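Trainee: Following this message is one structure expressed as structure tokens.
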Amino acid sequence: MANLTNGQRSNVLRLINQLSQNINTNNSSGLSENLSINLPGFNVDAGLNLGFGSGDDGTVTPPPNTLPPTTPTTIREVLLNLVNEQVEVSVPFGTVTGTLLLVRDDYVVIVEASGAQVLVRIENIETVSEL
């Protein structure tokens with residue numbers, strides 16, 4: 001293994017830590033329980049158990065301090081993920097199509113192709129689709 005300065009060793013360990021936090025942990029990933037990185041010129045075998053092993057019931061245990069991806073649970077959260085996107089919103093009086101410009105506490109602003117700004121109360125939105 002190449003001789004590393006303390007700064008280089010610190011950078012490698014920081015990168016390994018970042019890598020361990022970004023690894024997809026689903027069953028099909030084919031990851032082993034230990035992390036081993038082979039880089040040209042030197043080999044780093046950290047021997048770290050990243051918590052990818054199966055539990056007694058066969059489920060995969062995610063590494064500590066990681067949260068599952070959040071799924072929007074309200075129409076407002078869905079809308080917040082669509083800001084600056086082309087959307088079609090259905091409301092009791094019809095549909096509004098355009099670019100979702102703003103999401104406020106109780107309404108959204110959509111800019112139609114004509115340039116008209118339409119304010120829609122969130123409570124009136126029945127469905128929203130990204131175009």
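Letters A, B, ... go to the chains of the structure tokens in the order shown; residues in each chain start at 1; ligands are counted from 1 in the same order.
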With only C-alpha atoms as the counted atoms, please give the residues lying no more than 10 Å from segment 116-128 of chain A, apart from itself and same-chain residues fewer than 2 positions off, as a ChimeraX atom specification.
Mentor: /A:75-76,78-79,82,87-93,95-114,130-131
Trainee: I'd like the interatomic distance between atom CA of Gly115 of chain A and atom CA of Pro72 of chain A, to a tenth of an Å.
Mentor: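 Between these atoms lies a distance of 28.9 Å.
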